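S.K.: Provided below: work_35.tsv, containing TSV, C-alpha atoms and all ligand atoms.
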chain	number	residue	atom	x	y	z
A	1	MET	CA	138.16	276.21	232.53
A	2	THR	CA	139.90	272.84	232.08
A	3	LYS	CA	138.17	269.83	230.47
A	4	LEU	CA	138.04	268.14	233.88
A	5	GLU	CA	136.41	271.18	235.53
A	6	LYS	CA	133.86	271.25	232.68
A	7	LEU	CA	133.04	267.57	233.27
A	8	LYS	CA	132.50	268.34	236.97
A	9	GLN	CA	130.33	271.34	236.17
A	10	ASN	CA	128.21	269.30	233.74
A	11	GLY	CA	127.87	266.46	236.24
A	12	GLU	CA	129.61	264.02	233.86
A	13	LYS	CA	131.76	261.51	235.73
A	14	ILE	CA	135.51	261.44	235.01
A	15	THR	CA	137.02	258.05	234.14
A	16	CYS	CA	140.58	257.09	234.95
A	17	LEU	CA	142.63	253.88	234.85
A	18	THR	CA	146.26	253.28	235.58
A	19	ALA	CA	148.52	252.24	232.69
A	20	TYR	CA	152.15	251.29	232.64
A	21	ASP	CA	152.91	250.38	229.01
A	22	ALA	CA	152.10	251.40	225.43
A	23	SER	CA	149.78	248.52	224.49
A	24	PHE	CA	147.43	248.90	227.45
A	25	ALA	CA	147.62	252.69	227.18
A	26	SER	CA	146.49	252.45	223.56
A	27	ILE	CA	143.59	250.06	224.32
A	28	ILE	CA	142.40	252.20	227.25
A	29	ASP	CA	142.79	255.46	225.35
A	30	GLN	CA	140.85	254.15	222.35
A	31	ALA	CA	138.10	252.91	224.64
A	32	GLY	CA	137.54	256.58	225.49
A	33	ILE	CA	138.99	257.01	228.98
A	34	ASP	CA	139.34	260.62	230.21
A	35	VAL	CA	142.57	260.16	232.19
A	36	LEU	CA	145.49	257.71	232.08
A	37	LEU	CA	147.44	257.56	235.33
A	38	VAL	CA	150.97	256.22	235.36
A	39	GLY	CA	150.67	255.29	239.01
A	40	ASP	CA	153.57	254.37	241.24
A	41	SER	CA	151.38	251.34	241.97
A	42	LEU	CA	153.57	249.94	239.19
A	43	GLY	CA	156.05	249.20	241.96
A	44	MET	CA	153.63	246.61	243.33
A	45	VAL	CA	151.76	245.30	240.26
A	46	VAL	CA	154.59	245.38	237.69
A	47	GLN	CA	157.76	245.16	239.77
A	48	GLY	CA	156.44	242.92	242.57
A	49	GLN	CA	157.65	245.25	245.33
A	50	PRO	CA	155.93	245.20	248.76
A	51	SER	CA	154.95	248.89	248.51
A	52	THR	CA	155.29	251.92	246.20
A	53	ILE	CA	158.26	253.22	248.18
A	54	PRO	CA	161.06	251.58	246.12
A	55	VAL	CA	159.82	253.16	242.85
A	56	THR	CA	162.36	255.62	241.44
A	57	LEU	CA	162.02	258.69	239.26
A	58	ASP	CA	163.84	256.82	236.46
A	59	ASP	CA	161.20	254.06	236.69
A	60	MET	CA	158.41	256.62	236.41
A	61	VAL	CA	160.02	258.46	233.50
A	62	TYR	CA	160.48	255.15	231.66
A	63	HIS	CA	156.86	254.01	232.16
A	64	CYS	CA	155.54	257.48	231.23
A	65	GLN	CA	157.45	257.25	227.98
A	66	LEU	CA	155.85	253.88	227.22
A	67	VAL	CA	152.35	255.09	228.07
A	68	ALA	CA	152.82	258.34	226.13
A	69	ARG	CA	153.50	256.27	222.98
A	70	GLY	CA	150.10	254.58	223.30
A	71	ARG	CA	148.13	257.68	224.31
A	72	GLN	CA	146.26	259.95	221.92
A	73	LYS	CA	143.35	261.80	223.52
A	74	SER	CA	143.34	261.12	227.24
A	75	LEU	CA	145.10	263.27	229.85
A	76	LEU	CA	148.39	261.73	231.01
A	77	ILE	CA	149.05	262.08	234.74
A	78	ALA	CA	152.24	260.77	236.34
A	79	ASP	CA	152.81	259.96	239.99
A	80	MET	CA	155.81	261.59	241.59
A	81	PRO	CA	157.47	258.75	243.50
A	82	PHE	CA	158.58	258.68	247.13
A	83	MET	CA	161.04	261.44	248.12
A	84	THR	CA	161.09	263.07	244.67
A	85	TYR	CA	159.13	266.05	246.03
A	86	SER	CA	160.58	266.35	249.52
A	87	THR	CA	161.30	270.07	248.92
A	88	PRO	CA	159.79	272.45	246.34
A	89	GLU	CA	163.13	272.60	244.48
A	90	ILE	CA	163.49	268.82	244.28
A	91	ALA	CA	159.86	268.60	243.20
A	92	PHE	CA	160.42	271.11	240.42
A	93	ASP	CA	163.35	269.12	238.98
A	94	SER	CA	161.44	265.82	239.28
A	95	ALA	CA	158.26	267.20	237.69
A	96	ALA	CA	160.28	268.76	234.86
A	97	ARG	CA	161.73	265.32	234.04
A	98	LEU	CA	158.33	263.65	234.11
A	99	MET	CA	156.96	266.29	231.74
A	100	GLN	CA	159.95	266.73	229.41
A	101	GLU	CA	161.23	263.16	229.18
A	102	GLY	CA	158.05	261.32	230.12
A	103	GLN	CA	155.54	263.61	228.34
A	104	ALA	CA	153.31	263.74	231.44
A	105	GLN	CA	150.71	266.49	231.30
A	106	MET	CA	150.08	266.66	235.06
A	107	VAL	CA	151.93	265.32	238.09
A	108	LYS	CA	150.42	263.78	241.23
A	109	LEU	CA	151.77	264.29	244.76
A	110	GLU	CA	150.56	262.66	247.97
A	111	GLY	CA	149.54	264.43	251.19
A	112	ALA	CA	148.63	267.90	252.38
A	113	TRP	CA	152.13	268.88	253.51
A	114	VAL	CA	152.88	269.50	249.81
A	115	ALA	CA	150.64	272.59	249.56
A	116	GLU	CA	153.59	275.00	249.28
A	117	THR	CA	155.21	272.76	246.66
A	118	ILE	CA	151.98	272.65	244.65
A	119	GLU	CA	151.86	276.45	244.66
A	120	MET	CA	155.45	276.62	243.42
A	121	LEU	CA	154.89	274.04	240.64
A	122	VAL	CA	151.63	275.61	239.45
A	123	GLU	CA	153.25	279.09	239.34
A	124	ARG	CA	155.80	277.58	236.97
A	125	GLY	CA	153.20	276.06	234.65
A	126	ILE	CA	153.10	272.50	236.00
A	127	PRO	CA	149.53	271.21	236.54
A	128	VAL	CA	149.18	269.23	239.76
A	129	CYS	CA	146.84	266.53	241.07
A	130	GLY	CA	146.70	266.09	244.86
A	131	HIS	CA	146.11	262.78	246.63
A	132	LEU	CA	144.48	262.54	250.09
A	133	GLY	CA	143.16	259.82	252.39
A	134	LEU	CA	145.11	256.59	252.12
A	135	THR	CA	148.40	257.87	250.70
A	136	PRO	CA	150.36	254.66	249.94
A	137	GLN	CA	153.80	256.31	250.18
A	138	SER	CA	152.99	256.91	253.89
A	139	VAL	CA	151.88	253.32	254.49
A	140	TYR	CA	154.33	252.88	257.37
A	141	THR	CA	153.13	256.01	259.20
A	142	LEU	CA	149.48	255.19	258.51
A	143	GLY	CA	150.03	251.69	259.93
A	144	GLY	CA	148.82	249.80	256.85
A	145	TYR	CA	146.48	250.03	253.87
A	146	ARG	CA	143.26	250.96	255.66
A	147	VAL	CA	140.31	253.32	255.42
A	148	GLN	CA	141.05	256.89	256.53
A	149	GLY	CA	138.80	259.58	258.00
A	150	ASN	CA	136.56	257.40	260.14
A	151	LYS	CA	137.10	259.53	263.27
A	152	GLU	CA	135.40	262.93	263.34
A	153	GLU	CA	138.70	264.80	263.88
A	154	ASP	CA	140.35	263.01	260.93
A	155	ALA	CA	137.35	263.73	258.73
A	156	GLU	CA	137.50	267.45	259.61
A	157	ARG	CA	141.25	267.53	258.91
A	158	LEU	CA	140.77	265.87	255.51
A	159	LYS	CA	138.08	268.41	254.57
A	160	GLU	CA	140.47	271.25	255.43
A	161	GLU	CA	143.33	269.59	253.56
A	162	ALA	CA	141.27	269.31	250.39
A	163	LEU	CA	140.46	273.03	250.52
A	164	LEU	CA	144.14	273.79	251.17
A	165	LEU	CA	145.24	271.84	248.07
A	166	GLN	CA	142.60	273.62	246.00
A	167	SER	CA	143.84	277.03	247.25
A	168	ALA	CA	147.40	276.00	246.45
A	169	GLY	CA	146.37	275.54	242.82
A	170	ALA	CA	145.76	271.79	242.45
A	171	SER	CA	143.63	270.96	239.37
A	172	LEU	CA	142.33	267.67	240.69
A	173	ILE	CA	142.41	265.58	243.88
A	174	VAL	CA	142.46	261.78	244.19
A	175	LEU	CA	140.58	260.60	247.31
A	176	GLU	CA	141.63	257.11	248.32
A	177	CYS	CA	139.86	254.83	250.82
A	178	LEU	CA	137.52	257.27	252.53
A	179	PRO	CA	133.99	256.68	253.80
A	180	GLY	CA	131.63	257.49	250.92
A	181	LYS	CA	129.85	260.19	252.95
A	182	LEU	CA	133.08	262.04	253.74
A	183	ALA	CA	134.27	261.88	250.11
A	184	ALA	CA	130.87	263.25	249.02
A	185	GLU	CA	131.19	266.18	251.44
A	186	ILE	CA	134.72	266.96	250.31
A	187	THR	CA	133.66	266.75	246.64
A	188	ALA	CA	130.73	269.11	247.21
A	189	SER	CA	132.98	271.65	248.95
A	190	LEU	CA	135.42	271.93	246.03
A	191	ARG	CA	135.43	273.79	242.73
A	192	ILE	CA	138.02	271.36	241.34
A	193	PRO	CA	137.10	267.72	240.64
A	194	THR	CA	137.81	264.72	242.84
A	195	ILE	CA	138.58	261.22	241.58
A	196	GLY	CA	137.84	258.46	244.03
A	197	ILE	CA	139.30	255.02	244.59
A	198	GLY	CA	137.44	253.27	247.38
A	199	ALA	CA	135.73	256.58	248.16
A	200	GLY	CA	132.16	256.01	247.01
A	201	LYS	CA	130.04	257.03	244.06
A	202	ASP	CA	129.78	260.75	244.80
A	203	CYS	CA	133.31	261.68	243.77
A	204	ASP	CA	133.47	263.50	240.43
A	205	GLY	CA	135.24	260.53	238.89
A	206	GLN	CA	136.67	257.09	239.56
A	207	VAL	CA	140.08	255.49	239.16
A	208	LEU	CA	141.06	251.84	239.49
A	209	VAL	CA	144.36	250.05	239.23
A	210	LEU	CA	144.22	248.34	235.82
A	211	TYR	CA	145.40	244.98	237.12
A	212	ASP	CA	142.70	244.93	239.83
A	213	MET	CA	139.86	245.64	237.38
A	214	LEU	CA	141.20	242.88	235.11
A	215	GLY	CA	141.21	240.45	238.02
A	216	ILE	CA	144.96	239.85	238.04
A	217	THR	CA	145.55	241.10	241.57
A	218	VAL	CA	148.26	239.11	243.33
A	219	GLY	CA	147.23	238.54	246.95
A	220	LYS	CA	144.16	240.11	248.55
A	221	LYS	CA	141.79	241.82	246.13
A	222	PRO	CA	140.77	245.31	247.34
A	223	SER	CA	137.10	245.21	248.42
A	224	PHE	CA	136.38	248.52	246.64
A	225	SER	CA	137.56	247.22	243.25
A	226	LYS	CA	135.66	245.12	240.72
A	227	ASP	CA	136.83	242.50	238.25
A	228	PHE	CA	135.27	243.78	235.00
A	229	LEU	CA	137.02	241.10	232.91
A	230	GLN	CA	135.14	238.29	234.65
A	231	GLU	CA	131.76	239.56	233.47
A	232	THR	CA	132.81	240.70	229.99
A	233	GLY	CA	135.36	238.15	228.79
A	234	SER	CA	137.77	240.43	226.94
A	235	ILE	CA	140.15	243.18	227.98
A	236	THR	CA	138.69	245.77	225.60
A	237	THR	CA	135.09	245.11	226.65
A	238	ALA	CA	136.12	245.12	230.33
A	239	ILE	CA	137.61	248.59	229.93
A	240	VAL	CA	134.56	249.83	228.01
A	241	ALA	CA	132.31	248.35	230.73
A	242	PHE	CA	134.29	250.20	233.42
A	243	ILE	CA	133.96	253.50	231.54
A	244	GLN	CA	130.21	252.99	231.03
A	245	ALA	CA	129.63	251.94	234.64
A	246	VAL	CA	131.41	255.04	235.95
A	247	LYS	CA	129.69	257.37	233.47
A	248	ASN	CA	126.22	256.00	234.29
A	249	GLY	CA	126.87	255.88	238.04
A	250	THR	CA	126.54	252.11	238.53
A	251	PHE	CA	130.17	251.76	239.68
A	252	PRO	CA	131.01	251.96	242.50
A	253	SER	CA	127.95	250.39	244.11
A	254	LEU	CA	127.38	250.10	247.86
A	255	GLU	CA	129.32	246.81	248.01
A	256	HIS	CA	132.42	248.74	246.81
A	257	THR	CA	131.95	251.59	249.31
A	258	PHE	CA	133.21	252.11	252.88
A	301	LIG	O1	149.63	254.63	242.11
A	301	LIG	C1	148.44	254.55	241.79
A	301	LIG	O2	148.02	253.70	240.99
A	301	LIG	C2	147.51	255.49	242.39
A	301	LIG	C3	146.05	255.19	242.27
A	301	LIG	C4	145.72	254.09	243.18
A	301	LIG	C5	145.21	256.38	242.50
A	301	LIG	O3	147.92	256.44	242.98
Show how you would write the structure in this file as structure tokens.
M.R.:
Amino acid sequence: MTKLEKLKQNGEKITCLTAYDASFASIIDQAGIDVLLVGDSLGMVVQGQPSTIPVTLDDMVYHCQLVARGRQKSLLIADMPFMTYSTPEIAFDSAARLMQEGQAQMVKLEGAWVAETIEMLVERGIPVCGHLGLTPQSVYTLGGYRVQGNKEEDAERLKEEALLLQSAGASLIVLECLPGKLAAEITASLRIPTIGIGAGKDCDGQVLVLYDMLGITVGKKPSFSKDFLQETGSITTAIVAFIQAVKNGTFPSLEHTF
């Protein structure tokens, strides 16, 4: 059983923040986070791009290398950027680079159409995290950054997709922008853990984009996020406060839930 599965089994919430460089990775790691995610959100918050789509595999490898230098104990997950997993073969080459050059310990892929690819990667020893709900690389087919799974038929499809990713061998699934009730049902149906972002308190863990939880969001602040820096006054205490709030179940509250 993996450490994350053990946390789920023991009912202990999993904590995750995004990181893009060595200094923040080191601060977050030493604060005791369970998972560091090198998210392709770096395209928006670091590079100033309008979406995650322009992020390249070279960008991700570079930022993984930076984060890996600051990491000691936490699990390092790397996003596979747009079109770097369009076939199982391409995915294998991309994941190998993220693990060999970037020192990632798990890779994250968006959508349910990747089930066959997940199976292929896992068979070859590459741990995989799925990502369902609002999948930002599909922003132009989803019609914007909005809550998913509100209609009954979409909710049923998402439940099936989560089970499909689990059967394919995923170790973990990120659920983004789902009604809290639906995320709770999906979480209860799975053996593997879920990590929510805008998906309510009943996921097995929570992830936030670092810049959002430090209140340095450019543009509209996501309603599901919380500025932990405002109430703590320092970066280190903000990160510790996030970890404590997730572990003791006080974040996310109803005001951060769809
Ligand atoms: O890219 C990212 O930061 C992510 C999180 C929002 C889960 O995928």
S.K.: Return as a ChimeraX atom specification every polymer residue, whether protein, DNA or RNA, with at least one atom no more than 10 Å from an atom of ligand LIG 301 (chain A); count only C-alpha atoms and all ligand atoms.
M.R.: /A:16-20,37-45,52,78-81,108-110,130-132,134-137,173-177,195-198,206-211
S.K.: Since we have the selection now, will you write its residues out, keeping C-alpha atoms, as a PDB file, in the frame of the given file?
M.R.:
ATOM      1  CA  CYS A  16     140.580 257.090 234.950  1.00  0.00           C
ATOM      2  CA  LEU A  17     142.630 253.880 234.850  1.00  0.00           C
ATOM      3  CA  THR A  18     146.260 253.280 235.580  1.00  0.00           C
ATOM      4  CA  ALA A  19     148.520 252.240 232.690  1.00  0.00           C
ATOM      5  CA  TYR A  20     152.150 251.290 232.640  1.00  0.00           C
ATOM      6  CA  LEU A  37     147.440 257.560 235.330  1.00  0.00           C
ATOM      7  CA  VAL A  38     150.970 256.220 235.360  1.00  0.00           C
ATOM      8  CA  GLY A  39     150.670 255.290 239.010  1.00  0.00           C
ATOM      9  CA  ASP A  40     153.570 254.370 241.240  1.00  0.00           C
ATOM     10  CA  SER A  41     151.380 251.340 241.970  1.00  0.00           C
ATOM     11  CA  LEU A  42     153.570 249.940 239.190  1.00  0.00           C
ATOM     12  CA  GLY A  43     156.050 249.200 241.960  1.00  0.00           C
ATOM     13  CA  MET A  44     153.630 246.610 243.330  1.00  0.00           C
ATOM     14  CA  VAL A  45     151.760 245.300 240.260  1.00  0.00           C
ATOM     15  CA  THR A  52     155.290 251.920 246.200  1.00  0.00           C
ATOM     16  CA  ALA A  78     152.240 260.770 236.340  1.00  0.00           C
ATOM     17  CA  ASP A  79     152.810 259.960 239.990  1.00  0.00           C
ATOM     18  CA  MET A  80     155.810 261.590 241.590  1.00  0.00           C
ATOM     19  CA  PRO A  81     157.470 258.750 243.500  1.00  0.00           C
ATOM     20  CA  LYS A 108     150.420 263.780 241.230  1.00  0.00           C
ATOM     21  CA  LEU A 109     151.770 264.290 244.760  1.00  0.00           C
ATOM     22  CA  GLU A 110     150.560 262.660 247.970  1.00  0.00           C
ATOM     23  CA  GLY A 130     146.700 266.090 244.860  1.00  0.00           C
ATOM     24  CA  HIS A 131     146.110 262.780 246.630  1.00  0.00           C
ATOM     25  CA  LEU A 132     144.480 262.540 250.090  1.00  0.00           C
ATOM     26  CA  LEU A 134     145.110 256.590 252.120  1.00  0.00           C
ATOM     27  CA  THR A 135     148.400 257.870 250.700  1.00  0.00           C
ATOM     28  CA  PRO A 136     150.360 254.660 249.940  1.00  0.00           C
ATOM     29  CA  GLN A 137     153.800 256.310 250.180  1.00  0.00           C
ATOM     30  CA  ILE A 173     142.410 265.580 243.880  1.00  0.00           C
ATOM     31  CA  VAL A 174     142.460 261.780 244.190  1.00  0.00           C
ATOM     32  CA  LEU A 175     140.580 260.600 247.310  1.00  0.00           C
ATOM     33  CA  GLU A 176     141.630 257.110 248.320  1.00  0.00           C
ATOM     34  CA  CYS A 177     139.860 254.830 250.820  1.00  0.00           C
ATOM     35  CA  ILE A 195     138.580 261.220 241.580  1.00  0.00           C
ATOM     36  CA  GLY A 196     137.840 258.460 244.030  1.00  0.00           C
ATOM     37  CA  ILE A 197     139.300 255.020 244.590  1.00  0.00           C
ATOM     38  CA  GLY A 198     137.440 253.270 247.380  1.00  0.00           C
ATOM     39  CA  GLN A 206     136.670 257.090 239.560  1.00  0.00           C
ATOM     40  CA  VAL A 207     140.080 255.490 239.160  1.00  0.00           C
ATOM     41  CA  LEU A 208     141.060 251.840 239.490  1.00  0.00           C
ATOM     42  CA  VAL A 209     144.360 250.050 239.230  1.00  0.00           C
ATOM     43  CA  LEU A 210     144.220 248.340 235.820  1.00  0.00           C
ATOM     44  CA  TYR A 211     145.400 244.980 237.120  1.00  0.00           C
TER      45      TYR A 211
END
S.K.: If we count only C-alpha atoms, what is near Gln166 of chain A at a cut-off of 10 Å, once residues fewer than 2 positions away on the same chain are taken out, given as number ranges by chain?
M.R.: A: 115, 118-119, 129-130, 160-164, 168-173, 190-193
S.K.: Report, in Å with one decimal, the straight-line distance from atom CA of Ile53 of chain A to atom CA of Ile27 of chain A.
M.R.: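 A separation of 28.2 Å between them.
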S.K.: Just want the 9 Å neighbourhood of Ile239 of chain A, counted on all atoms listed in the file, with same-chain residues fewer than 4 positions away dropped. Output as a ChimeraX atom specification.
M.R.: /A:17,27-28,31,33,210,213-214,228-229,234-235,243-244
S.K.: Can you work out which one of A:Ser189, A:Leu142, A:Ile126, A:Asp59 has the shortest atom-to-atom distance to Val46 of chain A, counting only C-alpha atoms?
M.R.: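 Between A:Ser189, A:Leu142, A:Ile126, A:Asp59, the residue approaching Val46 of chain A most closely is A:Asp59.
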S.K.: Closest to Ala112 of chain A among A:Asp29, A:Gly133, A:Gly200, A:Ser223, using all atoms listed in the file?
M.R.: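 Among A:Asp29, A:Gly133, A:Gly200, A:Ser223, it is A:Gly133 that comes nearest to Ala112 of chain A.
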S.K.: Would you work out the distance separating atom CA of Asp34 of chain A from atom CA of Thr15 of chain A, expressed in Å to one decimal?
M.R.: 5.2 Å
S.K.: Choose the residue, out of A:Ser138, A:Glu116, A:Gln230, A:Asp204, that has the smallest atom-to-atom separation from Leu165 of chain A; count all atoms listed in the file.
M.R.: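 Ranked by minimum distance to Leu165 of chain A, first place goes to A:Glu116.
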S.K.: Hey, can you check how far atom CA of Gly249 of chain A sits from atom CA of Ser225 of chain A?
M.R.: 14.7 Å
S.K.: Would you tabulate, counting only C-alpha atoms, all residues of segment 123-204 of chain A that have an atom at most 12 Å from an atom of segment 84-93 of chain A, showing the closest pair of atoms and their distance in Å to one decimal, sorted by chain then ascending number, as CSV?
M.R.:
residue,atom,partner,partner_atom,distance
A:Glu123,CA,A:Phe92,CA,10.8
A:Arg124,CA,A:Phe92,CA,8.7
A:Gly125,CA,A:Phe92,CA,10.5
A:Ile126,CA,A:Phe92,CA,8.7
A:Pro127,CA,A:Phe92,CA,11.6
A:Val128,CA,A:Ala91,CA,11.2
A:Gln137,CA,A:Thr84,CA,11.4
S.K.: Could you tell me which of A:Pro54, A:Thr2, A:Ala22, A:Tyr140 comes closest to Arg71 of chain A if we count only C-alpha atoms?
M.R.: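 Closest to Arg71 of chain A of all the choices is A:Ala22.
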S.K.: Using 6 Å of padding on each side, determine the axis-aligned box around all atoms of segment 107-119 of chain A present in the file and give its centre and edge lengths in Å to one decimal, as lines of an AutoDock Vina configuration file.
M.R.:
center_x = 151.9
center_y = 269.6
center_z = 245.8
size_x = 18.6
size_y = 25.8
size_z = 27.4
S.K.: Please provide as a list in words all residues within 9 Å of Ala188 of chain A, with the sequence filter that same-chain residues fewer than 4 positions apart are discarded (counting all atoms listed in the file).
M.R.: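 Everything that qualifies: Ala183, Ala184, Asp202 and Cys203 of chain A.
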S.K.: Could you take the residues named above and write them with C-alpha atoms, as a PDB file, in the frame of the given file?
M.R.:
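Listing of selection-v6.pdb after writing:
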ATOM      1  CA  ALA A 183     134.270 261.880 250.110  1.00  0.00           C
ATOM      2  CA  ALA A 184     130.870 263.250 249.020  1.00  0.00           C
ATOM      3  CA  ASP A 202     129.780 260.750 244.800  1.00  0.00           C
ATOM      4  CA  CYS A 203     133.310 261.680 243.770  1.00  0.00           C
TER       5      CYS A 203
END
S.K.: Quick one: of A:Lys6, A:Ser26, A:Gln100, A:Gln148, who's nearest to Val67 of chain A, counting only C-alpha atoms?
M.R.: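 Comparing A:Lys6, A:Ser26, A:Gln100, A:Gln148 against Val67 of chain A, the winner is A:Ser26.
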